[in-house]
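Asker: Structure incoming, see below.
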Amino acid sequence: MTDKFDESENMDGMSFEELFESYDEKINRDLKEGDMVEGRIISVGKTRVYVDTGTKSDGVVDKLELLDENGEFPYQPGDEVKLYVVSMSESEIILSKAISGAGKAAMIQDAFQAGTPVEGKVTGVVKGGFSVDLLGKRAFCPVSQMDVRYVEEGEAYLGQSHHFLITKYEERGRNIVVSRKELLLEKIREDQEAFLAKVSQGDTVPGTVTKLMSYGAFIELIPGLEGMAHISELSWSRVEKPEEILRAGDSVMVKLLKIETREKGAPKISLSIKQTSDNPWDRMEESFTVGDQVSGKVVRLAPFGAFVEIAPGVDGLVHISEMSHTRRVLRPEDAVEQGETVQVVIKAIDMDSKRVSLSIKDALGDPWTGAGVKYVPGTVMEGQIEKREQFGLFINLEPGITGLMPLSSIKNSASAKEYDKLKPGDPVQILVQEVDEEKRRMTLVPPDQKDPDNWKQFVKTEKARPMGTLESVLREAMKKNK
């Protein structure tokens with residue numbers, strides 16, 4: 001055994017008497033096949049690992065048996081390991097993580113009584129579980145005891161060799177029941193204790209999404225240990241359903257918000273995905289200012305308006321009164337749809353309450369701005385009947401610009417009867433009489449009023465001349481008088 005180092009190196013300071021007593025204890029300790037040994041690793045060779053068994057003979061275990069799930073050897077000299085005796089000689093003791101084929105079939109009963117794991121091979125899928133070859137004996141493993149998780153496809157385990165714990169041994173070995181789950185749970189408990197000992201609340205660790213629910217996502221931190229991230233902790237953006245941003249199997253980084261230990265079972269762990277990145281509100285004042293025009297996505301509709309996301313995690317409210325200059329909006333869904341991208345102007349930013357006020361209508365522009373210049377009094381043009389009221393007609397000249405033609409003006413028109421026949425949507429010739437941009441009002445009259453003292457009676461109504469002015473009207477009248 002050339003791989004071993006001189007044990008005296010680890011015994012500095014011990015008297016000869018103490019060394020003799022220690023050696024005497026090793027000689028007097030008896031081991032037998034199937035015994036469990038908790039020993040310290042003495043040395044690690046290329047293919048074998050030597051373990052202090054507490055007797056005069058050192059134990060030897062195949063190095064491959066001690067590799068972890070990633071194929072790495074996680075131990076070093078001085079580490080403690082728990083192994084089982086499978087055979088003995090005067091010079092060495094062969095150890096294993098479980099009783100395997102190297103043992104004898106007669107050891108099955110001893111393994112049952114001692115709670116020693118035994119290696120077995122899954123040979124078939126039967127009703128309610130699996131057939132397992134256990135050192136030449138047929139054993140039964142219930143489907144609920146094959147894994148710590150629900151077994152969906154039993155065929156996936158066929159031909160695999162695992163370590164099992166014998167939970168029932170009856171009728172001289174004719175009725176053997178085994179469990180792999182018990183061993184897995186024991187390993188999980190050990191791993192959980194090690195994991196929880198090295199982490200604390202506030203730490204960021206990797207995880208894997210295992211299941212999505214309406215209220216959040218379950219994330220596995222290590223095999224057998226899960227935490228839950230509430231839907232509000234999945235993203236700084238508003239999330240309606242977890243499946244919008246996650247799916248089972250995704251690898252994510254999570255922050256440990258809270259770890260609650262319980263008397264029975266695994267601890268309750270609260271997680272956050274969003275808190276592994278910066279809060280977008282921390283950069284809000286650097287990114288946006290009042291008056292900025294930006295694009296955003298409509299993420300939610302409410303009776304009073306629409307919430308528009310202008311940056312991941314930053315929603316602003318477009319109040320229903322800020323949706324349109326051109327029409328009166330009674331319901332947000334009449335103006336926008338959820339998921340639609342819209343242009344908005346930032347009207348206000350409240351950092352304390354983390355609220356942003358937005359306007360769609362300001363981004364589109366106010367059609368009344370400059371209306372006094374565009375619609376000069378005396379201008380003749382064509383409009384469209386919008387609606388009829390008892391006091392007159394509302395006539396639309398362009399989206400957002402509607403004027404009123406008073407009933408008194410209509411009665412004073414030579415075409416009064418024709419105006420009585422008009423319906424919403426019909427075209428009509430009008431003359432602009434007065435424009436008030438501030439009050440957003442416009443007074444319209446028929447171009448052919450009967451009042452002989454009113455210059456409007458000289459206005460022609462042909463469609464070919466839709467944009468006449470007061471000057472052109474007067475010139476036309478003077479020509480006629482000549």
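Residue numbering restarts at 1 in every chain; chains get A, B, ... in the order shown in the structure tokens, and ligands count up from 1 in that same order.
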Find the residues near Ser357 in chain A: any atom within 8 Å, counting only C-alpha atoms, skip ones fewer than 4 places away on the same chain, and give them as a list in words.
Answerer: Gly316, Leu317, Val318, His319, Ile346, Lys347, Ala348 and Ile349 of chain A
Asker: Could you name the residues that touch Met36 in chain A at 8 Å or less, counting only C-alpha atoms, but leaving out those on the same chain fewer than 6 positions away, as a short mmCIF file (atom, residue, chain, number, x, y, z; two decimals) with N, CA and C atoms, in the first residue's frame?
Answerer:
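Listed below is the output, part-v7.cif:
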```cif
data_model
loop_
_atom_site.label_atom_id
_atom_site.label_comp_id
_atom_site.auth_asym_id
_atom_site.auth_seq_id
_atom_site.Cartn_x
_atom_site.Cartn_y
_atom_site.Cartn_z
N LYS A 82 -18.74 7.38 5.70
CA LYS A 82 -19.54 6.29 6.26
C LYS A 82 -19.62 5.18 5.21
N LEU A 83 -19.07 4.00 5.52
CA LEU A 83 -19.00 2.90 4.57
C LEU A 83 -19.40 1.59 5.25
N TYR A 84 -19.52 0.52 4.44
CA TYR A 84 -19.92 -0.79 4.96
C TYR A 84 -18.88 -1.85 4.59
N VAL A 85 -18.69 -2.80 5.50
CA VAL A 85 -17.74 -3.88 5.29
C VAL A 85 -18.37 -4.94 4.38
N THR A 116 -28.62 -1.84 6.80
CA THR A 116 -27.51 -1.63 5.88
C THR A 116 -28.01 -1.56 4.43
#
```
Asker: Would you pick out the contacts of range 46-52 of chain A at 8 Å or less, using only C-alpha atoms, so that residues sharing its chain but fewer than 4 positions from it are not included, and give the list as an MDAnalysis selection string?
Answerer: chainID A and resid 4 39:42 57:64
Asker: Export C-alpha atoms of the chosen residues as a PDB file, in the first residue's frame?
Answerer:
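The new file again_4.pdb reads:
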```pdb
ATOM      1  CA  LYS A   4      -0.467   5.606   2.378  1.00  0.00           C
ATOM      2  CA  GLY A  39     -13.755   6.274   9.451  1.00  0.00           C
ATOM      3  CA  ARG A  40     -11.268   8.957   8.545  1.00  0.00           C
ATOM      4  CA  ILE A  41      -9.637   8.976   5.107  1.00  0.00           C
ATOM      5  CA  ILE A  42      -5.943   8.206   5.513  1.00  0.00           C
ATOM      6  CA  SER A  57      -6.369  -3.308   9.418  1.00  0.00           C
ATOM      7  CA  ASP A  58      -7.076  -0.328   7.220  1.00  0.00           C
ATOM      8  CA  GLY A  59     -10.100  -0.232   4.954  1.00  0.00           C
ATOM      9  CA  VAL A  60      -9.963   0.126   1.178  1.00  0.00           C
ATOM     10  CA  VAL A  61     -12.752   1.477  -1.044  1.00  0.00           C
ATOM     11  CA  ASP A  62     -12.878   1.925  -4.805  1.00  0.00           C
ATOM     12  CA  LYS A  63     -12.392   5.634  -5.549  1.00  0.00           C
ATOM     13  CA  LEU A  64     -15.151   5.542  -8.160  1.00  0.00           C
TER      14      LEU A  64
END
```
Asker: Show me, as a list of chain:residue names, the residues that have an atom within 7 Å of Val125 in chain A when counting only C-alpha atoms, minus same-chain residues fewer than 3 positions from it.
Answerer: A:Gly129, A:Phe130, A:Ser131, A:Gly154, A:Glu155
Asker: Those residues you just picked out, can you put them in a file as a PDB file, in the first residue's frame with C-alpha atoms?
Answerer:
```
ATOM      1  CA  GLY A 129     -43.871  -1.016  -8.383  1.00  0.00           C
ATOM      2  CA  PHE A 130     -40.694  -2.731  -9.565  1.00  0.00           C
ATOM      3  CA  SER A 131     -38.940  -6.105  -9.394  1.00  0.00           C
ATOM      4  CA  GLY A 154     -41.367   3.308 -14.657  1.00  0.00           C
ATOM      5  CA  GLU A 155     -39.560   1.990 -17.746  1.00  0.00           C
TER       6      GLU A 155
END
```
Asker: Just asking: which residues within range 4-237 of chain A are strand (DSSP E or B) according to DSSP, as a PyMOL selection string?
Answerer: chain A and resi 36-44+48-52+59-62+80-88+93-96+99+118-126+129-134+137-142+161-170+175-179+204-213+216-222+225-230
Asker: Applying 8 Å and only C-alpha atoms, which residues near Phe307 in chain A remain after dropping the ones on its own chain fewer than 2 positions away? List them as a list in words.
Answerer: Val298, Val299, Arg300, Leu301, Ala302, Gly305, Glu309, Asp315, Gly316, Leu317 and Val318 of chain A
Asker: Output N, CA and C atoms for every residue in the selection just made, as a JSON list (two decimals), in the first residue's frame.
Answerer:
```
[["chain", "number", "residue", "atom", "x", "y", "z"],
["A", 298, "VAL", "N", -49.21, 48.74, -23.29],
["A", 298, "VAL", "CA", -50.37, 48.72, -22.41],
["A", 298, "VAL", "C", -50.40, 47.37, -21.70],
["A", 299, "VAL", "N", -50.20, 47.39, -20.37],
["A", 299, "VAL", "CA", -50.11, 46.14, -19.62],
["A", 299, "VAL", "C", -51.38, 45.83, -18.84],
["A", 300, "ARG", "N", -52.21, 46.87, -18.59],
["A", 300, "ARG", "CA", -53.43, 46.59, -17.81],
["A", 300, "ARG", "C", -54.43, 47.71, -18.04],
["A", 301, "LEU", "N", -55.71, 47.33, -18.10],
["A", 301, "LEU", "CA", -56.79, 48.30, -18.22],
["A", 301, "LEU", "C", -57.59, 48.34, -16.93],
["A", 302, "ALA", "N", -57.98, 49.53, -16.52],
["A", 302, "ALA", "CA", -58.80, 49.73, -15.33],
["A", 302, "ALA", "C", -59.95, 50.66, -15.71],
["A", 305, "GLY", "N", -58.62, 54.17, -16.43],
["A", 305, "GLY", "CA", -57.54, 54.43, -17.37],
["A", 305, "GLY", "C", -56.76, 53.19, -17.75],
["A", 309, "GLU", "N", -46.42, 50.33, -19.57],
["A", 309, "GLU", "CA", -45.05, 50.07, -19.12],
["A", 309, "GLU", "C", -44.09, 50.81, -20.04],
["A", 315, "ASP", "N", -44.42, 51.15, -14.60],
["A", 315, "ASP", "CA", -45.72, 51.38, -15.22],
["A", 315, "ASP", "C", -46.20, 52.78, -14.90],
["A", 316, "GLY", "N", -46.80, 53.42, -15.88],
["A", 316, "GLY", "CA", -47.41, 54.72, -15.67],
["A", 316, "GLY", "C", -48.89, 54.66, -16.00],
["A", 317, "LEU", "N", -49.65, 55.57, -15.45],
["A", 317, "LEU", "CA", -51.11, 55.59, -15.68],
["A", 317, "LEU", "C", -51.48, 56.66, -16.69],
["A", 318, "VAL", "N", -52.21, 56.22, -17.72],
["A", 318, "VAL", "CA", -52.86, 57.16, -18.64],
["A", 318, "VAL", "C", -54.31, 57.25, -18.18]]
```
Asker: Can you tell me which residues surround Leu212 in chain A at a distance of at most 9 Å, considering only C-alpha atoms, apart from same-chain residues fewer than 3 positions away, and format the answer as number ranges by chain?
Answerer: A: 209, 215-218, 242-243, 246-248
Asker: Tell me which of A:Val122, A:Leu364, A:Ala306, A:Val199 sits closest to Val336 in chain A, counting only C-alpha atoms.
Answerer: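 Once distances to Val336 in chain A are computed over only C-alpha atoms, the minimum belongs to A:Ala306.
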Asker: DSSP on the backbone: what in range 204-340 of chain A comes out alpha helix (DSSP H), as an mmCIF file with N, CA and C atoms, in the first residue's frame?
Answerer:
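After the write, part_32.cif holds the following:
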```cif
data_model
loop_
_atom_site.group_PDB
_atom_site.id
_atom_site.type_symbol
_atom_site.label_atom_id
_atom_site.label_comp_id
_atom_site.auth_asym_id
_atom_site.auth_seq_id
_atom_site.Cartn_x
_atom_site.Cartn_y
_atom_site.Cartn_z
ATOM 1 N N MET A 284 -34.715 55.880 -12.353
ATOM 2 C CA MET A 284 -35.832 56.556 -13.010
ATOM 3 C C MET A 284 -35.500 58.016 -13.352
ATOM 4 N N GLU A 285 -34.964 58.752 -12.400
ATOM 5 C CA GLU A 285 -34.692 60.174 -12.636
ATOM 6 C C GLU A 285 -33.583 60.381 -13.664
ATOM 7 N N GLU A 286 -32.717 59.383 -13.816
ATOM 8 C CA GLU A 286 -31.669 59.487 -14.829
ATOM 9 C C GLU A 286 -32.206 59.159 -16.219
ATOM 10 N N SER A 287 -33.223 58.315 -16.264
ATOM 11 C CA SER A 287 -33.711 57.824 -17.556
ATOM 12 C C SER A 287 -34.827 58.676 -18.160
#
```
Asker: For range 163-177 of chain A, work out the shell of residues within 8 Å, counting only C-alpha atoms and skipping chain neighbours fewer than 4 positions away, then give it as a PyMOL selection string.
Answerer: chain A and resi 98+109+111-112+115-120+137-142+182-183
